[in-house]
file my_file_25.cif (mmCIF, C-alpha atoms)
data_upload
#
loop_
_atom_site.group_PDB
_atom_site.id
_atom_site.type_symbol
_atom_site.label_atom_id
_atom_site.label_comp_id
_atom_site.auth_asym_id
_atom_site.auth_seq_id
_atom_site.Cartn_x
_atom_site.Cartn_y
_atom_site.Cartn_z
ATOM 1 C CA MET A 871 82.467 236.728 87.892
ATOM 2 C CA PRO A 872 82.831 234.171 85.075
ATOM 3 C CA ASP A 873 86.064 232.186 84.740
ATOM 4 C CA VAL A 874 85.844 232.412 80.937
ATOM 5 C CA ILE A 875 87.204 235.697 79.618
ATOM 6 C CA VAL A 876 86.847 236.752 75.984
ATOM 7 C CA PHE A 877 88.887 239.664 74.695
ATOM 8 C CA ASP A 878 88.525 241.822 71.642
ATOM 9 C CA LEU A 879 91.861 242.177 69.860
ATOM 10 C CA PHE A 880 92.295 245.644 68.333
ATOM 11 C CA GLY A 881 92.138 248.456 70.856
ATOM 12 C CA VAL A 882 92.449 245.979 73.727
ATOM 13 C CA ILE A 883 95.470 243.697 73.244
ATOM 14 C CA ALA A 884 96.619 244.972 69.861
ATOM 15 C CA ARG A 885 97.156 248.646 69.289
ATOM 16 C CA THR A 886 95.171 250.720 66.829
ATOM 17 C CA GLN A 887 96.796 252.544 63.919
ATOM 18 C CA THR A 888 99.441 255.126 64.799
ATOM 19 C CA PRO A 889 99.377 258.621 63.290
ATOM 20 C CA GLU A 890 102.478 257.640 61.299
ATOM 21 C CA ALA A 891 100.720 254.589 59.849
ATOM 22 C CA VAL A 892 97.677 256.700 58.984
ATOM 23 C CA ARG A 893 99.870 259.187 57.106
ATOM 24 C CA GLU A 894 101.638 256.391 55.208
ATOM 25 C CA ILE A 895 98.325 254.871 54.094
ATOM 26 C CA GLU A 896 97.052 258.291 52.975
ATOM 27 C CA GLU A 897 100.254 258.952 51.025
ATOM 28 C CA ILE A 898 100.035 255.626 49.184
ATOM 29 C CA ALA A 899 96.328 256.114 48.501
ATOM 30 C CA GLY A 900 96.808 259.658 47.280
ATOM 31 C CA VAL A 901 93.726 260.646 49.308
ATOM 32 C CA SER A 902 93.648 261.987 52.848
ATOM 33 C CA GLY A 903 91.358 263.217 55.574
ATOM 34 C CA ALA A 904 87.795 262.438 56.525
ATOM 35 C CA PRO A 905 86.486 261.367 53.085
ATOM 36 C CA PHE A 906 89.115 258.630 52.844
ATOM 37 C CA TRP A 907 88.645 257.328 56.384
ATOM 38 C CA ASP A 908 84.862 257.556 56.190
ATOM 39 C CA ALA A 909 84.949 255.235 53.160
ATOM 40 C CA TYR A 910 87.616 253.027 54.777
ATOM 41 C CA TRP A 911 85.471 252.410 57.876
ATOM 42 C CA ALA A 912 82.056 252.344 56.193
ATOM 43 C CA LEU A 913 83.169 249.460 53.974
ATOM 44 C CA ARG A 914 85.139 247.618 56.644
ATOM 45 C CA PRO A 915 82.336 245.314 57.933
ATOM 46 C CA GLY A 916 82.300 243.281 54.716
ATOM 47 C CA TYR A 917 86.099 243.118 54.731
ATOM 48 C CA ASP A 918 86.060 241.924 58.348
ATOM 49 C CA ALA A 919 83.522 239.255 57.382
ATOM 50 C CA GLY A 920 85.773 237.770 54.708
ATOM 51 C CA GLN A 921 85.819 240.031 51.632
ATOM 52 C CA ASP A 922 88.975 239.811 49.486
ATOM 53 C CA SER A 923 91.505 242.617 50.058
ATOM 54 C CA ALA A 924 91.648 243.761 46.433
ATOM 55 C CA ALA A 925 87.841 243.877 46.271
ATOM 56 C CA TYR A 926 87.683 245.909 49.482
ATOM 57 C CA TRP A 927 90.137 248.501 48.208
ATOM 58 C CA ALA A 928 88.329 248.643 44.859
ATOM 59 C CA ASP A 929 85.133 249.412 46.782
ATOM 60 C CA VAL A 930 86.878 252.141 48.783
ATOM 61 C CA ALA A 931 88.256 253.677 45.576
ATOM 62 C CA ALA A 932 84.816 253.551 43.948
ATOM 63 C CA ALA A 933 83.228 255.226 46.979
ATOM 64 C CA LEU A 934 85.782 258.021 46.641
ATOM 65 C CA GLY A 935 85.443 258.257 42.861
ATOM 66 C CA THR A 936 89.137 257.538 42.339
ATOM 67 C CA ALA A 937 91.622 254.770 41.568
ATOM 68 C CA PHE A 938 94.518 253.922 43.865
ATOM 69 C CA PRO A 939 97.915 253.901 42.106
ATOM 70 C CA ASP A 940 99.425 250.968 44.048
ATOM 71 C CA VAL A 941 96.881 248.658 45.673
ATOM 72 C CA PRO A 942 99.440 245.995 46.798
ATOM 73 C CA ALA A 943 101.411 248.687 48.654
ATOM 74 C CA LEU A 944 98.195 249.988 50.166
ATOM 75 C CA ILE A 945 97.232 246.502 51.357
ATOM 76 C CA ASP A 946 100.693 245.982 52.856
ATOM 77 C CA ALA A 947 100.710 249.331 54.673
ATOM 78 C CA ASP A 948 97.240 248.686 56.049
ATOM 79 C CA LEU A 949 98.187 245.212 57.300
ATOM 80 C CA ARG A 950 101.369 246.521 58.944
ATOM 81 C CA SER A 951 99.363 249.233 60.690
ATOM 82 C CA TRP A 952 97.476 246.598 62.719
ATOM 83 C CA THR A 953 100.319 244.395 64.047
ATOM 84 C CA ASP A 954 101.616 246.180 67.172
ATOM 85 C CA VAL A 955 100.486 245.095 70.639
ATOM 86 C CA ASP A 956 100.303 246.455 74.181
ATOM 87 C CA GLU A 957 102.869 244.403 76.090
ATOM 88 C CA ARG A 958 101.019 245.045 79.365
ATOM 89 C CA MET A 959 98.020 243.216 77.931
ATOM 90 C CA VAL A 960 100.175 240.393 76.616
ATOM 91 C CA ALA A 961 101.531 239.998 80.159
ATOM 92 C CA LEU A 962 97.945 239.925 81.456
ATOM 93 C CA VAL A 963 97.025 237.174 78.972
ATOM 94 C CA HIS A 964 99.873 235.029 80.331
ATOM 95 C CA GLU A 965 98.895 235.879 83.918
ATOM 96 C CA LEU A 966 95.264 234.871 83.386
ATOM 97 C CA ALA A 967 96.151 231.681 81.519
ATOM 98 C CA ASP A 968 98.629 230.721 84.265
ATOM 99 C CA GLY A 969 95.854 231.395 86.799
ATOM 100 C CA GLY A 970 93.583 228.826 85.188
ATOM 101 C CA HIS A 971 91.186 231.110 83.326
ATOM 102 C CA ALA A 972 89.780 229.915 80.017
ATOM 103 C CA LEU A 973 90.516 232.582 77.431
ATOM 104 C CA GLY A 974 88.855 233.409 74.151
ATOM 105 C CA LEU A 975 89.528 235.988 71.481
ATOM 106 C CA LEU A 976 86.711 237.489 69.402
ATOM 107 C CA SER A 977 88.100 239.793 66.768
ATOM 108 C CA ASN A 978 86.876 241.638 63.725
ATOM 109 C CA ILE A 979 89.923 240.912 61.581
ATOM 110 C CA ILE A 980 90.551 240.647 57.864
ATOM 111 C CA ALA A 981 91.710 237.363 56.335
ATOM 112 C CA ASP A 982 95.056 238.648 55.008
ATOM 113 C CA LEU A 983 96.018 239.948 58.443
ATOM 114 C CA VAL A 984 95.500 236.657 60.313
ATOM 115 C CA PRO A 985 98.645 234.818 59.107
ATOM 116 C CA ARG A 986 100.795 237.922 59.505
ATOM 117 C CA PHE A 987 99.506 238.567 63.015
ATOM 118 C CA GLU A 988 99.783 234.914 64.068
ATOM 119 C CA ALA A 989 103.347 234.643 62.716
ATOM 120 C CA ARG A 990 104.390 237.644 64.800
ATOM 121 C CA HIS A 991 102.373 236.894 67.952
ATOM 122 C CA GLY A 992 101.880 233.121 67.981
ATOM 123 C CA GLY A 993 103.449 232.717 71.423
ATOM 124 C CA TRP A 994 100.831 234.546 73.417
ATOM 125 C CA LEU A 995 97.990 233.708 71.034
ATOM 126 C CA SER A 996 98.640 230.049 71.914
ATOM 127 C CA ARG A 997 97.439 230.802 75.454
ATOM 128 C CA PHE A 998 93.879 231.228 74.152
ATOM 129 C CA ASP A 999 91.496 228.294 74.212
ATOM 130 C CA ALA A 1000 89.639 229.599 71.153
ATOM 131 C CA LEU A 1001 90.451 232.197 68.517
ATOM 132 C CA THR A 1002 87.286 233.415 66.806
ATOM 133 C CA TYR A 1003 87.990 235.591 63.784
ATOM 134 C CA SER A 1004 85.200 237.406 61.934
ATOM 135 C CA CYS A 1005 86.767 236.658 58.553
ATOM 136 C CA ALA A 1006 86.662 232.918 59.304
ATOM 137 C CA ILE A 1007 83.074 232.776 60.590
ATOM 138 C CA GLY A 1008 81.550 235.165 58.033
ATOM 139 C CA VAL A 1009 80.046 237.570 60.572
ATOM 140 C CA ALA A 1010 81.527 240.474 62.506
ATOM 141 C CA LYS A 1011 80.699 242.126 65.804
ATOM 142 C CA PRO A 1012 78.196 243.476 66.729
ATOM 143 C CA ASP A 1013 76.260 240.694 64.953
ATOM 144 C CA PRO A 1014 74.947 238.482 67.797
ATOM 145 C CA ARG A 1015 75.977 235.356 65.904
ATOM 146 C CA ALA A 1016 79.643 236.242 66.422
ATOM 147 C CA TYR A 1017 79.269 236.116 70.213
ATOM 148 C CA ARG A 1018 77.309 232.865 70.136
ATOM 149 C CA ILE A 1019 79.879 231.186 67.883
ATOM 150 C CA CYS A 1020 82.678 232.350 70.191
ATOM 151 C CA ALA A 1021 80.923 230.895 73.256
ATOM 152 C CA GLU A 1022 80.248 227.630 71.430
ATOM 153 C CA ARG A 1023 83.929 227.322 70.505
ATOM 154 C CA LEU A 1024 84.800 227.727 74.170
ATOM 155 C CA GLY A 1025 82.225 225.080 75.114
ATOM 156 C CA VAL A 1026 80.232 227.466 77.316
ATOM 157 C CA LYS A 1027 77.020 229.490 77.280
ATOM 158 C CA PRO A 1028 77.203 233.252 76.676
ATOM 159 C CA ALA A 1029 76.149 233.766 80.301
ATOM 160 C CA ASP A 1030 79.408 232.093 81.383
ATOM 161 C CA VAL A 1031 81.558 234.704 79.618
ATOM 162 C CA LEU A 1032 83.118 238.012 80.655
ATOM 163 C CA PHE A 1033 83.651 239.953 77.414
ATOM 164 C CA ILE A 1034 86.031 242.921 77.130
ATOM 165 C CA ASP A 1035 85.960 245.258 74.107
ATOM 166 C CA ASP A 1036 86.940 248.885 73.531
ATOM 167 C CA THR A 1037 83.802 249.671 71.481
ATOM 168 C CA GLU A 1038 80.535 250.430 73.261
ATOM 169 C CA ARG A 1039 78.264 248.952 70.554
ATOM 170 C CA ASN A 1040 80.137 245.642 70.724
ATOM 171 C CA VAL A 1041 79.777 245.568 74.507
ATOM 172 C CA VAL A 1042 76.043 246.297 74.269
ATOM 173 C CA ALA A 1043 75.625 243.506 71.714
ATOM 174 C CA ALA A 1044 77.533 241.073 73.945
ATOM 175 C CA ARG A 1045 75.243 241.902 76.861
ATOM 176 C CA GLU A 1046 72.217 241.302 74.640
ATOM 177 C CA THR A 1047 73.459 237.746 73.998
ATOM 178 C CA GLY A 1048 73.750 237.170 77.770
ATOM 179 C CA MET A 1049 77.439 237.852 78.324
ATOM 180 C CA THR A 1050 78.783 240.002 81.128
ATOM 181 C CA ALA A 1051 80.572 242.722 79.171
ATOM 182 C CA GLU A 1052 82.592 245.841 79.887
ATOM 183 C CA VAL A 1053 84.163 248.621 77.842
ATOM 184 C CA PHE A 1054 87.934 248.229 78.125
ATOM 185 C CA THR A 1055 89.976 250.893 79.894
ATOM 186 C CA GLY A 1056 93.170 249.028 80.786
ATOM 187 C CA PRO A 1057 94.716 245.892 82.302
ATOM 188 C CA ASP A 1058 94.115 247.054 85.873
ATOM 189 C CA GLN A 1059 90.392 247.290 85.108
ATOM 190 C CA VAL A 1060 90.356 243.635 84.021
ATOM 191 C CA ARG A 1061 92.200 242.582 87.180
ATOM 192 C CA ALA A 1062 89.734 244.567 89.291
ATOM 193 C CA LEU A 1063 86.749 242.967 87.563
ATOM 194 C CA LEU A 1064 88.110 239.508 88.255
ATOM 195 C CA ALA A 1065 88.982 240.350 91.848
ATOM 196 C CA GLY A 1066 85.590 241.899 92.517
#
call {"tool": "encode", "arguments": {"input": "my_file_25.cif", "output": "C-alpha cells"}}
result
Amino acid sequence: MPDVIVFDLFGVIARTQTPEAVREIEEIAGVSGAPFWDAYWALRPGYDAGQDSAAYWADVAAALGTAFPDVPALIDADLRSWTDVDERMVALVHELADGGHALGLLSNIIADLVPRFEARHGGWLSRFDALTYSCAIGVAKPDPRAYRICAERLGVKPADVLFIDDTERNVVAARETGMTAEVFTGPDQVRALLAG
C-alpha cells in the first residue's frame, strides 16, 4: 500500500452541512427544497474552480428565476455550514503524520472558504505535505488534472498515492489517473487499508 495518502476534505475530514445549516441557508435565500439545492449543486463546479462568490449566487438566483434579498448573509451562512470537522479524522491525520506517512489534501473548495477554514483548523492542516485546493488550481474533481497536480505537489506519481474520497465518481477518476483509491467509510477503514 502506498505511503502517500491523499484525503478529500468535505465528507471525509470535514463534515457536510447539517440540517440546521441547510434550513438557515433556505431561510436567508427565501427558497427551499429540491429546486434550490438542485441549482446550488449544479452550479457548484465553477464555484469550486474559482468563481467569485457573488457571481455564483447571482447564477443560482438566475437559475431559480429569483433574486436573493441578502447575498452577503447567504454567503456567510454557506461558508459557516462547511467549517465543522470529524475529530476522529483529525486524530487520524496526526496519527498518520506521526507515523511517517506523507499526507496530501485534494479538496473541491471555494476561495472564500479557504482562509476561514485555515484560520479555524490550521493546526492539523499543517500536518499535510501539500494542500491542493480546486479554487487555487482552476480545476475540480473529478477532472483528472486535479489528481495529477496533487501528485506533482507531493513529488510523487499518481501510482504512489492512496486516495480517499466519499464520492464514488471522484474515486473512479482517481483510479483512472493511476491512484489506488477507495470510497471513504470511516477512520477504521483507512487504518485497515494501511495495515493490509
call {"tool": "residues_near_point", "arguments": {"input": "my_file_25.cif", "point": "(104.4, 241.6, 57.3)", "cutoff": "10 Å", "atoms": "only C-alpha atoms", "output": "PDB file with C-alpha atoms, in the coordinates of the input"}}
result
ATOM      1  CA  ASP A 946     100.693 245.982  52.856  1.00  0.00           C
ATOM      2  CA  ALA A 947     100.710 249.331  54.673  1.00  0.00           C
ATOM      3  CA  LEU A 949      98.187 245.212  57.300  1.00  0.00           C
ATOM      4  CA  ARG A 950     101.369 246.521  58.944  1.00  0.00           C
ATOM      5  CA  SER A 951      99.363 249.233  60.690  1.00  0.00           C
ATOM      6  CA  THR A 953     100.319 244.395  64.047  1.00  0.00           C
ATOM      7  CA  LEU A 983      96.018 239.948  58.443  1.00  0.00           C
ATOM      8  CA  PRO A 985      98.645 234.818  59.107  1.00  0.00           C
ATOM      9  CA  ARG A 986     100.795 237.922  59.505  1.00  0.00           C
ATOM     10  CA  PHE A 987      99.506 238.567  63.015  1.00  0.00           C
ATOM     11  CA  ALA A 989     103.347 234.643  62.716  1.00  0.00           C
ATOM     12  CA  ARG A 990     104.390 237.644  64.800  1.00  0.00           C
TER      13      ARG A 990
END
call {"tool": "resolve_selection", "arguments": {"input": "my_file_25.cif", "expression": "the PyMOL selection byres ((chain A and resi 1010-1020) around 8)", "output": "ChimeraX atom specification"}}
result
/A:915,918-919,974-978,1000-1002,1004-1005,1007-1009,1021-1024,1027-1028,1039-1040,1043-1044,1046-1047
call {"tool": "closest_atom_pairs", "arguments": {"input": "my_file_25.cif", "of": "range 910-1003 of chain A", "to": "range 879-902 of chain A", "cutoff": "10 Å", "atoms": "all atoms listed in the file", "output": "tab-separated table"}}
result
residue	atom	partner	partner_atom	distance
A:Trp927	CA	A:Ala899	CA	9.8
A:Ala931	CA	A:Ala899	CA	8.9
A:Leu934	CA	A:Val901	CA	8.8
A:Thr936	CA	A:Val901	CA	8.9
A:Ala937	CA	A:Ala899	CA	8.5
A:Phe938	CA	A:Ala899	CA	5.4
A:Pro939	CA	A:Ala899	CA	7.0
A:Asp940	CA	A:Ile898	CA	7.0
A:Val941	CA	A:Ala899	CA	8.0
A:Pro942	CA	A:Ile898	CA	9.9
A:Ala943	CA	A:Ile898	CA	7.1
A:Leu944	CA	A:Ile898	CA	6.0
A:Ile945	CA	A:Ile895	CA	8.9
A:Asp946	CA	A:Ile895	CA	9.3
A:Ala947	CA	A:Ile895	CA	6.1
A:Asp948	CA	A:Ile895	CA	6.6
A:Leu949	CA	A:Gln887	CA	10.0
A:Arg950	CA	A:Ala891	CA	8.1
A:Ser951	CA	A:Gln887	CA	5.3
A:Trp952	CA	A:Gln887	CA	6.1
A:Thr953	CA	A:Ala884	CA	6.9
A:Asp954	CA	A:Arg885	CA	5.5
A:Val955	CA	A:Ala884	CA	3.9
A:Asp956	CA	A:Ile883	CA	5.6
A:Glu957	CA	A:Ile883	CA	8.0
A:Arg958	CA	A:Ile883	CA	8.4
A:Met959	CA	A:Ile883	CA	5.4
A:Val960	CA	A:Ile883	CA	6.7
A:Ala961	CA	A:Ile883	CA	9.9
A:Leu962	CA	A:Ile883	CA	9.4
A:Val963	CA	A:Ile883	CA	8.8
A:Leu975	CA	A:Leu879	CA	6.8
A:Leu976	CA	A:Leu879	CA	7.0
A:Ser977	CA	A:Leu879	CA	5.4
A:Asn978	CA	A:Leu879	CA	7.9
A:Ile979	CA	A:Phe880	CA	8.6
A:Phe987	CA	A:Ala884	CA	9.8
A:Tyr1003	CA	A:Leu879	CA	9.8
call {"tool": "axis_aligned_box", "arguments": {"input": "my_file_25.cif", "around": "range 1022-1030 of chain A", "padding_each_side": "8 Å", "output": "lines of an AutoDock Vina configuration file"}}
result
center_x = 80.5
center_y = 229.4
center_z = 75.9
size_x = 24.7
size_y = 24.7
size_z = 26.9
call {"tool": "resolve_selection", "arguments": {"input": "my_file_25.cif", "expression": "the PyMOL selection byres ((chain A and resi 909) around 10)", "output": "list in words"}}
result
Ala904, Pro905, Phe906, Trp907, Asp908, Tyr910, Trp911, Ala912, Leu913, Arg914, Trp927, Asp929, Val930, Ala931, Ala932, Ala933 and Leu934 of chain A
call {"tool": "residues_around", "arguments": {"input": "my_file_25.cif", "residues": "Gly970 in chain A", "least_positions_apart": "5", "cutoff": "10 Å", "atoms": "only C-alpha atoms", "output": "ChimeraX atom specification"}}
result
/A:873-874,965
call {"tool": "atom_distance", "arguments": {"input": "my_file_25.cif", "atom1": "CA of Val984 in chain A", "atom2": "CA of Phe877 in chain A"}}
result
16.1 Å
call {"tool": "resolve_selection", "arguments": {"input": "my_file_25.cif", "expression": "the PyMOL selection byres ((chain A and resi 1036) around 9)", "output": "number ranges by chain"}}
result
A: 878, 880-882, 1034-1035, 1037-1038, 1040-1041, 1052-1055
call {"tool": "write_last_selection", "arguments": {"input": "my_file_25.cif", "atoms": "C-alpha atoms", "output": "PDB file, in the frame of the given file"}}
result
ATOM      1  CA  ASP A 878      88.525 241.822  71.642  1.00  0.00           C
ATOM      2  CA  PHE A 880      92.295 245.644  68.333  1.00  0.00           C
ATOM      3  CA  GLY A 881      92.138 248.456  70.856  1.00  0.00           C
ATOM      4  CA  VAL A 882      92.449 245.979  73.727  1.00  0.00           C
ATOM      5  CA  ILE A1034      86.031 242.921  77.130  1.00  0.00           C
ATOM      6  CA  ASP A1035      85.960 245.258  74.107  1.00  0.00           C
ATOM      7  CA  THR A1037      83.802 249.671  71.481  1.00  0.00           C
ATOM      8  CA  GLU A1038      80.535 250.430  73.261  1.00  0.00           C
ATOM      9  CA  ASN A1040      80.137 245.642  70.724  1.00  0.00           C
ATOM     10  CA  VAL A1041      79.777 245.568  74.507  1.00  0.00           C
ATOM     11  CA  GLU A1052      82.592 245.841  79.887  1.00  0.00           C
ATOM     12  CA  VAL A1053      84.163 248.621  77.842  1.00  0.00           C
ATOM     13  CA  PHE A1054      87.934 248.229  78.125  1.00  0.00           C
ATOM     14  CA  THR A1055      89.976 250.893  79.894  1.00  0.00           C
TER      15      THR A1055
END
call {"tool": "atom_distance", "arguments": {"input": "my_file_25.cif", "atom1": "CA of Thr1050 in chain A", "atom2": "CA of Ser996 in chain A"}}
result
24.0 Å
call {"tool": "atom_distance", "arguments": {"input": "my_file_25.cif", "atom1": "CA of Ala1065 in chain A", "atom2": "CA of Gly969 in chain A"}}
result
12.4 Å
call {"tool": "residues_around", "arguments": {"input": "my_file_25.cif", "residues": "Ile875 in chain A", "least_positions_apart": "6", "cutoff": "6 Å", "atoms": "all atoms listed in the file", "output": "compact mmCIF listing (two decimals) with C-alpha atoms, keeping the file's coordinate frame"}}
result
# COMPACT_ATOMS: atom_id res chain seq x y z
CA LEU A 973 90.52 232.58 77.43
CA VAL A 1031 81.56 234.70 79.62
CA LEU A 1032 83.12 238.01 80.66
CA PHE A 1033 83.65 239.95 77.41
call {"tool": "closest_residue", "arguments": {"input": "my_file_25.cif", "among": "A:Val876, A:Ile980, A:Ala1006, A:Leu1064", "to": "Asp1030 in chain A", "atoms": "all atoms listed in the file"}}
result
A:Val876
call {"tool": "closest_residue", "arguments": {"input": "my_file_25.cif", "among": "A:Val1042, A:Leu966, A:Val1026, A:Ala981", "to": "Gly916 in chain A", "atoms": "only C-alpha atoms"}}
result
A:Ala981
